[in-house]
Every structure is written in structure tokens, then in C-alpha cells.
Amino acid sequence: MLGVIEPEAPAHARPRPSRSAPAPPPVSGARAVRRQHQAVADKPFIVIWESTRACPLACVHCRATAVPGRDPRELGTRAAKGLIDQIAAFGRPAPLFVITGGDPFQRPDLLELIVYGTRAGVRVAVSPSGTPTLTAANLRAVHEVGAVGLSLSLDGSTAALHDGFRGVPGVFRWTLDAWDTARALGMKVQINTTVSQHNLHDLPEIAALVREHGVMLWSAFFLVPTGRGRDLAALGPAETEDVLNFVHDVGLSIPAKTTEAHHFRRVALQRAVLAAQGADHVEVLRLGPLYRQLRERGQELGLYEGGRRTRRPPLDVNAGRGFVFVSHTGTVHPSGFLPLAAGDVRTRPLTEIYRESELFTGLRDADRLGGRCGRCEFRRVCGGSRSRAHAVTGDPYAEEPWCGYRPGTFPYQREVAELLGGAGPTARGGR
């Protein structure tokens with residue numbers, strides 16, 4: 001089900017300047033959205049490898065429906081090194097290689113693989129689970145052998161919220177301790193927060209905790225209903241718009257992005273134009289009560305005071321377009337949340353699968369998008385979550401179910417096009 005969509009605003013309407021809270025400073029030029037430096041059809045920006053599905057947690061949203069023991073079909077050490085060679089074959093600079101799971105610390109060859117990747121010229125990061133394996137000794141070990149970064153999950157600002165979501169008591173404390181340890185070691189830390197109904201009103205507190213401990217990046221991950229996540233209540237399009245705009249606000253205080261909410265790039269462009277025009281984004285974008293509550297709580301927590309001078313522009317990456325996922329058994333997918341396989345690294349090189357497979361080339365063609373996404377003037381910088389479209393409709397090219405934007409209704413079309421250097425919004429009929 002698509003859910004409730006905000007009423008359309010007249011495309012010709014020019015909103016009046018804001019007389020309420022002062023608009024944040026504009027993001028100048030094409031930096032409102034960052035483009036990838038390499039040709040997106042030739043090389044991904046990031047390769048995620050699900051090294052194992054073994055994990056002692058019971059997270060209610062788990063995509064992989066992780067299990068306690070390792071799967072005998074997992075890529076062994078030799079095959080994993082072959083995967084690293086395939087990533088290096090994309091050429092320098094090689095894509096970022098993230099070893100995730102399950103819990104990658106369940107693999108006894110983890111350090112060996114990080115060393116191998118580093119020597120092959122591949123930047124390696126690790127995304128562990130908040131389990132008893134997340135010790136200072138293990139973090140020190142992966143850092144010493146060359147891991148460049150660490151990502152951790154934080155789904156609540158309290159133990160009750162986070163541990164309840166993760167299904168095991170103590171995870172909150174393990175995560176905070178690991179976070180502080182990694183920062184003390186000098187590692188780059190990314191914090192991922194799954195946004196769902198359970199923590200919507202806790203997001204300002206989570207953001208405050210993120211600012212307190214310090215991060216390279218905070219990523220608000222918008223749930224895709226796959227695996228155990230099928231049983232969680234979905235956000236509506238209006239709630240999604242409110243949260244996206246709150247994350248944009250927080251970007252002045254901490255470096256923030258979204259995952260599986262590609263319409264955040266559309267929001268960033270809209271907000272940059274509205275700020276430059278002195279227009280009230282709450283009125284123009286028709287933001288709802290959730291946004292007002294989140295913003296007010298953020299103000300109470302001081303999230304917009306003494307923050308960053310400029311926001312971190314979102315990077316133009318999507319499933320199959322700068323992003324590739326390799327499963328624990330070696331199958332290749334546009335995303336870990338999009339279960340369609342385009343090949344297997346045991347039988348076909350990753351470079352060939354990414355560059356030539358019909359699934360990957362199709363997802364890089366914005367003109368194949370259907371519904372509102374296909375008609376949207378922002379489709380080339382957004383494209384919607386292909387994973388969520390597939391999870392909800394069975395069609396990876398269907399419209400984004402959690403987007404409430406009506407194509408053609410943003411009143412500053414020319415200004416957006418100028419912001420994108422003339423390559424901006426262009427509407428079409430869709431399929």
C-alpha cells in the first residue's frame with residue numbers, strides 16, 4: 001500500500017518569505033548533492049560483503065534473519081581473497097570495501113582478509129554487531145592491520161529502546177564502549193540508526209548522543225520491509241518527509257546522511273533553493289506535526305547551536321548505481337535489501353557483473369522508473385529506494401512507496417536546474 005500522500009500544491013504558486021524561524025544558510029552550487037568522481041557505470045563507490053550470517057542478536061528488523069552458527073556455504077578464505085582481487089580489478093582508487101554480517105568477528109580469518117585487502121590497495125572498513133565480540137582488543141586488532149573505519153548501529157538513546165530493538169540486553173552498553181574505543185584509536189566511526197515507528201520521537205535524543213560522542217557520519221536508515229523487518233510498522237510518506245527534513249536540519253550540527261531514503265537528495269535540493277529564496281520550508285514543503293515536534297526537541301537539546309558551518313551534501317549513490325552487495329555465498333545484488341541476484345563471484349567477475357548485467361544496467365537507467373518516480377523531475381538525482389519498491393510491489397522499477405512528493409509541484413523548478421548546473425529537473429511521462 002502506498003499510504004497517505006500529501007495534497008498537491010499548485011506548481012505555479014510562489015511562497016511568501018518566512019516570518020518564523022530564520023532559514024538555515026543555503027548550500028551553494030552543485031554541492032547541494034555530491035556526484036561520484038568515477039563513471040558510475042564503470043565502478044561502484046562501495047562494495048558491501050556479507051561475510052557471514054552468524055550473529056547472536058535477534059534484531060527485530062534483521063534483513064538477513066541472522067542465525068547463531070556459520071553457514072558452510074560461506075565464501076572461504078581463498079574465495080574471499082578472490083573477491084578482494086575482483087574489487088581491486090576495478091582500478092584505483094578501488095571502491096570502499098565494507099565487511100559486514102551478521103557479525104564479521106565470527107570469522108576467524110577477518111584480520112587476514114583486512115591485511116590482504118589493504119595490501120591489494122583496497123580500503124577496508126568493518127561493520128560489526130553489538131555483541132560480546134565487540135571488545136577493545138578486537139577493535140585494536142582490526143585497526144592495527146589496516147581497517148580504515150567502523151560502522152555501528154544505534155537505534156535508541158537509551159538501553160531500553162536500543163536493546164529492545166536488538167533483542168538482547170547489554171547491546172547498548174557494548175555499542176557505546178566500542179564507539180568510544182574506536183574514537184580513541186583514531187578510527188573513523190559511522191553510526192547507523194534504523195528509523196521506524198519505535199524510535200521516531202527519540203531521533204533528537206539519538207542525534208544529541210551522536211554529537212556528544214563524535215562521528216565521521218550519522219546515517220538514518222529507513223527500514224526496508226525484508227527479512228524480520230516485514231513485521232514492523234511502516235512509516236507513511238508524510239512521516240518520511242518530516243524525518244528527512246529533520247535529518248537535513250541536524251546536518252548543521254553533525255555530518256548526517258540517509259540510507260534507503262534517496263529522496264533525501266531531493267529534499268537537500270529543495271531546501272537549498274528555499275533558503276536562497278528566503279522561503280519558509282515548512283509551508284512550501286507542507287511539513288507536518290512530526291517535523292515540528294522533532295525540530296522543537298532538537299532546539300531544546302541545542303542541536304542547531306554552534307554546529308557545522310556547512311552541511312555534508314548527500315552523495316548520489318543508489319542500488320546498482322555506485323553500490324553493490326555480495327552475499328555470504330557469493331551472489332551479487334544491487335543492494336543487500338534487494339534480493340534479486342545478477343551473478344555469482346565464484347563463476348563471473350564482479351567487474352563484469354556490475355558493468356554488464358541486465359539488472360545493474362537497468363537500475364542505472366532512470367528512464368525505466370515507473371509511476372511517480374518515472375514522471376519526477378528529480379529522478380536523475382534521486383531515483384527512490386529500488387529495494388523498498390521491490391519489497392512492497394515486487395517490481396524494482398516501481399515508484400518509491402515512502403515518498404509523498406507529487407512530480408512538478410515544487411515551485412522553483414528553474415532554480416533547481418540552475419543549482420544542478422543546467423542538468424536538473426526534467427519531467428517525463430513515465431512508463
# chains A, B, ... in the order shown; residues from 1 in each chain; ligands from 1
>>> select_by_dssp(residues="segment 173-393 of chain A", states="strand (DSSP E or B)", output="number ranges by chain")
A: 188-195, 217-222, 256-259, 279, 315, 318-319, 321-326, 331-333, 335, 338, 343-344
>>> write_last_selection(atoms="N, CA and C atoms", output="compact mmCIF listing (two decimals), in the first residue's frame")
# COMPACT_ATOMS: atom_id res chain seq x y z
N LYS A 188 37.75 6.11 12.03
CA LYS A 188 36.57 6.84 11.57
C LYS A 188 35.34 6.01 11.92
N VAL A 189 34.37 6.62 12.56
CA VAL A 189 33.19 5.90 13.04
C VAL A 189 31.94 6.44 12.36
N GLN A 190 31.14 5.53 11.82
CA GLN A 190 29.81 5.88 11.31
C GLN A 190 28.78 5.21 12.21
N ILE A 191 27.76 5.96 12.59
CA ILE A 191 26.66 5.43 13.39
C ILE A 191 25.43 5.33 12.52
N ASN A 192 24.83 4.13 12.49
CA ASN A 192 23.63 3.88 11.70
C ASN A 192 22.43 3.74 12.62
N THR A 193 21.37 4.45 12.32
CA THR A 193 20.14 4.39 13.11
C THR A 193 18.98 3.96 12.23
N THR A 194 18.38 2.82 12.55
CA THR A 194 17.20 2.38 11.82
C THR A 194 16.01 3.22 12.25
N VAL A 195 15.39 3.90 11.31
CA VAL A 195 14.24 4.75 11.59
C VAL A 195 12.97 3.93 11.41
N LEU A 217 30.18 10.27 10.56
CA LEU A 217 28.91 10.35 9.84
C LEU A 217 27.80 9.66 10.63
N TRP A 218 26.62 10.28 10.64
CA TRP A 218 25.42 9.66 11.19
C TRP A 218 24.49 9.34 10.03
N SER A 219 24.08 8.08 9.92
CA SER A 219 23.21 7.66 8.83
C SER A 219 21.87 7.21 9.37
N ALA A 220 20.81 7.89 8.95
CA ALA A 220 19.45 7.49 9.29
C ALA A 220 18.99 6.49 8.25
N PHE A 221 18.85 5.23 8.67
CA PHE A 221 18.47 4.16 7.74
C PHE A 221 16.96 3.96 7.79
N PHE A 222 16.33 4.13 6.64
CA PHE A 222 14.88 3.98 6.54
C PHE A 222 14.55 2.54 6.19
N ALA A 256 25.44 14.27 8.55
CA ALA A 256 24.30 13.34 8.52
C ALA A 256 23.95 12.96 7.09
N LYS A 257 23.47 11.72 6.94
CA LYS A 257 23.02 11.22 5.64
C LYS A 257 21.85 10.28 5.89
N THR A 258 21.33 9.72 4.82
CA THR A 258 20.29 8.71 4.94
C THR A 258 20.70 7.47 4.14
N THR A 259 20.12 6.34 4.50
CA THR A 259 20.28 5.10 3.75
C THR A 259 18.89 4.60 3.39
N ALA A 279 12.34 31.54 1.53
CA ALA A 279 11.01 30.98 1.66
C ALA A 279 10.93 30.04 2.86
N LEU A 315 25.53 12.08 -1.11
CA LEU A 315 26.20 11.51 -2.27
C LEU A 315 25.20 10.77 -3.15
N ASN A 318 22.95 4.81 -5.41
CA ASN A 318 21.72 4.04 -5.30
C ASN A 318 22.02 2.59 -5.61
N ALA A 319 21.05 1.73 -5.42
CA ALA A 319 21.23 0.30 -5.67
C ALA A 319 21.68 0.06 -7.11
N ARG A 321 23.86 1.52 -8.67
CA ARG A 321 24.42 2.76 -9.22
C ARG A 321 25.41 3.32 -8.20
N GLY A 322 26.61 2.73 -8.23
CA GLY A 322 27.63 3.11 -7.27
C GLY A 322 27.65 2.21 -6.05
N PHE A 323 26.72 1.27 -5.97
CA PHE A 323 26.58 0.40 -4.80
C PHE A 323 26.39 -1.03 -5.27
N VAL A 324 27.09 -1.96 -4.61
CA VAL A 324 26.94 -3.38 -4.93
C VAL A 324 27.09 -4.17 -3.64
N PHE A 325 26.31 -5.25 -3.54
CA PHE A 325 26.29 -6.09 -2.34
C PHE A 325 26.61 -7.53 -2.74
N VAL A 326 27.53 -8.15 -1.99
CA VAL A 326 27.88 -9.54 -2.22
C VAL A 326 27.46 -10.34 -0.99
N THR A 331 26.70 -14.53 -4.09
CA THR A 331 25.79 -13.95 -5.07
C THR A 331 25.87 -12.43 -5.02
N VAL A 332 25.63 -11.79 -6.15
CA VAL A 332 25.81 -10.34 -6.29
C VAL A 332 24.46 -9.67 -6.48
N HIS A 333 24.23 -8.62 -5.68
CA HIS A 333 22.95 -7.92 -5.67
C HIS A 333 23.18 -6.41 -5.74
N SER A 335 21.74 -4.31 -3.92
CA SER A 335 21.67 -3.87 -2.54
C SER A 335 21.41 -5.10 -1.68
N LEU A 338 17.76 -5.78 -1.68
CA LEU A 338 17.13 -6.09 -2.96
C LEU A 338 17.57 -7.50 -3.35
N GLY A 343 24.39 -12.42 -10.50
CA GLY A 343 25.51 -13.31 -10.81
C GLY A 343 26.13 -13.82 -9.53
N ASP A 344 27.28 -14.47 -9.67
CA ASP A 344 27.98 -15.08 -8.54
C ASP A 344 29.47 -14.86 -8.74
>>> closest_residue(among="A:Gln293, A:Thr351, A:Thr393, A:Ser253", to="Asp85 of chain A", atoms="only C-alpha atoms")
A:Thr351
>>> closest_residue(among="A:Arg286, A:Arg375, A:His328, A:His198", to="Gly164 of chain A", atoms="only C-alpha atoms")
A:His198
>>> residues_around(residues="Ala207 of chain A", least_positions_apart="3", cutoff="12 Å", atoms="only C-alpha atoms", output="PyMOL selection string")
chain A and resi 154-157+191-193+199-204+210-215+217-220+246-257+294-295+297-299+301-304
>>> write_last_selection(atoms="N, CA and C atoms", output="short mmCIF file (atom, residue, chain, number, x, y, z; two decimals), in the first residue's frame")
data_model
loop_
_atom_site.label_atom_id
_atom_site.label_comp_id
_atom_site.auth_asym_id
_atom_site.auth_seq_id
_atom_site.Cartn_x
_atom_site.Cartn_y
_atom_site.Cartn_z
N LEU A 154 22.98 2.24 16.29
CA LEU A 154 22.40 2.82 17.49
C LEU A 154 20.95 3.15 17.17
N ASP A 155 20.03 2.39 17.74
CA ASP A 155 18.62 2.52 17.39
C ASP A 155 17.77 3.09 18.51
N GLY A 156 18.41 3.63 19.53
CA GLY A 156 17.70 4.29 20.61
C GLY A 156 18.71 5.01 21.48
N SER A 157 18.27 6.05 22.17
CA SER A 157 19.17 6.82 23.03
C SER A 157 19.28 6.24 24.43
N ILE A 191 27.76 5.96 12.59
CA ILE A 191 26.66 5.43 13.39
C ILE A 191 25.43 5.33 12.52
N ASN A 192 24.83 4.13 12.49
CA ASN A 192 23.63 3.88 11.70
C ASN A 192 22.43 3.74 12.62
N THR A 193 21.37 4.45 12.32
CA THR A 193 20.14 4.39 13.11
C THR A 193 18.98 3.96 12.23
N ASN A 199 11.17 4.41 17.27
CA ASN A 199 12.08 5.46 17.75
C ASN A 199 11.89 6.82 17.08
N LEU A 200 10.76 7.02 16.42
CA LEU A 200 10.54 8.29 15.71
C LEU A 200 10.75 9.50 16.61
N HIS A 201 10.17 9.45 17.80
CA HIS A 201 10.25 10.62 18.68
C HIS A 201 11.53 10.65 19.51
N ASP A 202 12.35 9.62 19.36
CA ASP A 202 13.64 9.58 20.05
C ASP A 202 14.78 10.07 19.17
N LEU A 203 14.50 10.39 17.92
CA LEU A 203 15.56 10.77 16.99
C LEU A 203 16.37 11.98 17.46
N PRO A 204 15.75 13.03 18.03
CA PRO A 204 16.58 14.14 18.52
C PRO A 204 17.55 13.70 19.63
N VAL A 210 24.87 11.23 19.40
CA VAL A 210 25.84 11.14 18.32
C VAL A 210 26.79 12.34 18.37
N ARG A 211 26.24 13.53 18.59
CA ARG A 211 27.09 14.71 18.66
C ARG A 211 28.01 14.66 19.88
N GLU A 212 27.49 14.14 20.98
CA GLU A 212 28.27 14.07 22.21
C GLU A 212 29.49 13.15 22.06
N HIS A 213 29.29 11.99 21.44
CA HIS A 213 30.39 11.03 21.31
C HIS A 213 31.28 11.29 20.09
N GLY A 214 30.73 11.94 19.09
CA GLY A 214 31.51 12.30 17.91
C GLY A 214 31.53 11.19 16.87
N VAL A 215 31.33 11.57 15.60
CA VAL A 215 31.32 10.61 14.50
C VAL A 215 31.87 11.26 13.24
N LEU A 217 30.18 10.27 10.56
CA LEU A 217 28.91 10.35 9.84
C LEU A 217 27.80 9.66 10.63
N TRP A 218 26.62 10.28 10.64
CA TRP A 218 25.42 9.66 11.19
C TRP A 218 24.49 9.34 10.03
N SER A 219 24.08 8.08 9.92
CA SER A 219 23.21 7.66 8.83
C SER A 219 21.87 7.21 9.37
N ALA A 220 20.81 7.89 8.95
CA ALA A 220 19.45 7.49 9.29
C ALA A 220 18.99 6.49 8.25
N PHE A 246 14.05 16.80 9.14
CA PHE A 246 14.74 16.88 10.44
C PHE A 246 16.21 16.47 10.29
N VAL A 247 16.49 15.40 9.55
CA VAL A 247 17.87 14.98 9.33
C VAL A 247 18.64 16.09 8.61
N HIS A 248 17.97 16.77 7.68
CA HIS A 248 18.61 17.89 6.99
C HIS A 248 18.95 19.00 7.99
N ASP A 249 18.05 19.30 8.89
CA ASP A 249 18.32 20.32 9.91
C ASP A 249 19.53 19.94 10.76
N VAL A 250 19.57 18.69 11.19
CA VAL A 250 20.64 18.21 12.06
C VAL A 250 21.99 18.28 11.37
N GLY A 251 21.97 18.28 10.02
CA GLY A 251 23.21 18.34 9.26
C GLY A 251 24.04 19.57 9.53
N LEU A 252 23.47 20.61 10.13
CA LEU A 252 24.27 21.77 10.52
C LEU A 252 25.11 21.50 11.76
N SER A 253 24.72 20.49 12.52
CA SER A 253 25.38 20.19 13.79
C SER A 253 26.29 18.98 13.70
N ILE A 254 25.84 17.93 13.00
CA ILE A 254 26.63 16.73 12.82
C ILE A 254 26.55 16.29 11.36
N PRO A 255 27.59 15.66 10.83
CA PRO A 255 27.51 15.17 9.45
C PRO A 255 26.47 14.07 9.35
N ALA A 256 25.44 14.27 8.55
CA ALA A 256 24.30 13.34 8.52
C ALA A 256 23.95 12.96 7.09
N LYS A 257 23.47 11.72 6.94
CA LYS A 257 23.02 11.22 5.64
C LYS A 257 21.85 10.28 5.89
N LEU A 294 9.94 17.19 16.21
CA LEU A 294 11.35 16.83 16.16
C LEU A 294 12.23 18.07 16.16
N ARG A 295 11.84 19.08 15.41
CA ARG A 295 12.65 20.29 15.34
C ARG A 295 12.65 21.02 16.69
N ARG A 297 12.20 19.72 19.66
CA ARG A 297 13.02 18.96 20.60
C ARG A 297 14.50 19.13 20.28
N GLY A 298 14.83 19.21 19.00
CA GLY A 298 16.21 19.46 18.62
C GLY A 298 16.70 20.80 19.11
N GLN A 299 15.83 21.80 19.06
CA GLN A 299 16.20 23.12 19.59
C GLN A 299 16.43 23.06 21.10
N LEU A 301 17.48 20.60 22.76
CA LEU A 301 18.75 19.90 23.01
C LEU A 301 19.95 20.64 22.47
N GLY A 302 19.73 21.80 21.85
CA GLY A 302 20.84 22.60 21.33
C GLY A 302 21.48 22.04 20.07
N LEU A 303 20.72 21.25 19.30
CA LEU A 303 21.30 20.62 18.13
C LEU A 303 21.65 21.60 17.01
N TYR A 304 21.06 22.79 17.05
CA TYR A 304 21.31 23.74 15.96
C TYR A 304 22.20 24.90 16.40
#
>>> closest_atom_pairs(of="segment 110-152 of chain A", to="segment 171-187 of chain A", cutoff="12 Å", atoms="only C-alpha atoms", output="CSV")
residue,atom,partner,partner_atom,distance
A:Val124,CA,A:Met187,CA,11.9
A:Ala125,CA,A:Met187,CA,9.8
A:Val126,CA,A:Met187,CA,10.7
A:Ser127,CA,A:Ala178,CA,11.8
A:Pro128,CA,A:Thr175,CA,9.8
A:Ser129,CA,A:Thr175,CA,8.4
A:Gly130,CA,A:Val171,CA,5.3
A:Thr131,CA,A:Val171,CA,6.3
A:Pro132,CA,A:Trp174,CA,7.3
A:Thr133,CA,A:Trp174,CA,9.3
A:Leu134,CA,A:Ala178,CA,6.4
A:Thr135,CA,A:Ala178,CA,6.7
A:Ala136,CA,A:Thr181,CA,6.2
A:Ala137,CA,A:Thr181,CA,9.6
A:Asn138,CA,A:Ala178,CA,9.7
A:Leu139,CA,A:Ala182,CA,6.7
A:Arg140,CA,A:Leu185,CA,7.2
A:Ala141,CA,A:Leu185,CA,10.5
A:Val142,CA,A:Met187,CA,10.0
A:His143,CA,A:Met187,CA,7.1
A:Glu144,CA,A:Leu185,CA,9.4
A:Gly146,CA,A:Met187,CA,10.1
A:Ala147,CA,A:Met187,CA,8.2
A:Val148,CA,A:Met187,CA,6.5
A:Gly149,CA,A:Met187,CA,5.5
A:Leu150,CA,A:Met187,CA,6.9
A:Ser151,CA,A:Trp179,CA,8.9
A:Leu152,CA,A:Thr175,CA,7.0
>>> residues_around(residues="Ser51 of chain A", least_positions_apart="2", cutoff="10 Å", atoms="only C-alpha atoms", output="MDAnalysis selection string")
chainID A and resid 48:49 53:54 70 74:76 80 98:107 110 326:330
>>> write_last_selection(atoms="C-alpha atoms", output="CSV table (one decimal), in the first residue's frame")
chain,number,residue,atom,x,y,z
A,48,ILE,CA,29.4,-4.4,0.9
A,49,TRP,CA,30.2,-8.0,1.7
A,53,ARG,CA,25.1,-14.5,8.7
A,54,ALA,CA,26.2,-15.8,12.1
A,70,ARG,CA,28.0,-20.0,10.3
A,74,GLU,CA,30.0,-19.1,3.0
A,75,LEU,CA,32.9,-17.8,0.9
A,76,GLY,CA,36.0,-19.4,2.5
A,80,ALA,CA,37.1,-14.1,-0.1
A,98,VAL,CA,32.9,-2.9,3.9
A,99,ILE,CA,33.0,-6.3,5.7
A,100,THR,CA,29.7,-6.8,7.4
A,101,GLY,CA,27.4,-9.6,8.5
A,102,GLY,CA,25.8,-11.0,10.7
A,103,ASP,CA,28.8,-10.4,12.9
A,104,PRO,CA,32.1,-10.4,11.0
A,105,PHE,CA,34.0,-11.1,14.2
A,106,GLN,CA,32.6,-14.6,13.9
A,107,ARG,CA,35.0,-15.2,11.1
A,110,LEU,CA,38.8,-11.5,9.5
A,326,VAL,CA,27.9,-9.5,-2.2
A,327,SER,CA,26.2,-12.2,-0.1
A,328,HIS,CA,27.8,-14.7,2.2
A,329,THR,CA,27.5,-17.3,-0.5
A,330,GLY,CA,29.0,-15.0,-3.2
>>> select_by_dssp(residues="segment 223-397 of chain A", states="alpha helix (DSSP H)", output="JSON, numbers by chain")
{"A": [237, 238, 239, 240, 241, 242, 243, 244, 245, 246, 247, 248, 249, 250, 264, 265, 266, 267, 268, 269, 270, 271, 272, 273, 274, 275, 276, 277, 281, 282, 283, 284, 289, 290, 291, 292, 293, 294, 295, 296, 297, 298, 299, 300, 350, 351, 352, 353, 354, 355, 356, 358, 359, 360, 361, 362, 363, 371, 372, 373, 374, 375, 386, 387, 388, 389, 390, 391, 392, 393]}
>>> closest_residue(among="A:Asp395, A:Asp316, A:Asp109, A:Asp280", to="Ile46 of chain A", atoms="only C-alpha atoms")
A:Asp316
>>> residues_around(residues="Ala389 of chain A", least_positions_apart="3", cutoff="6 Å", atoms="only C-alpha atoms", output="list in words")
Arg386, Val392, Thr393, Pro396, Ala398 and Glu400 of chain A
>>> closest_residue(among="A:Thr347, A:Gln197, A:Thr310, A:Gln36", to="Leu290 of chain A", atoms="only C-alpha atoms")
A:Gln197
>>> closest_residue(among="A:Ala261, A:Gln86, A:Pro95, A:Ala275", to="Gly384 of chain A", atoms="only C-alpha atoms")
A:Ala261
>>> atom_distance(atom1="atom CA of Ser357 of chain A", atom2="atom CA of Ala342 of chain A")
6.3 Å
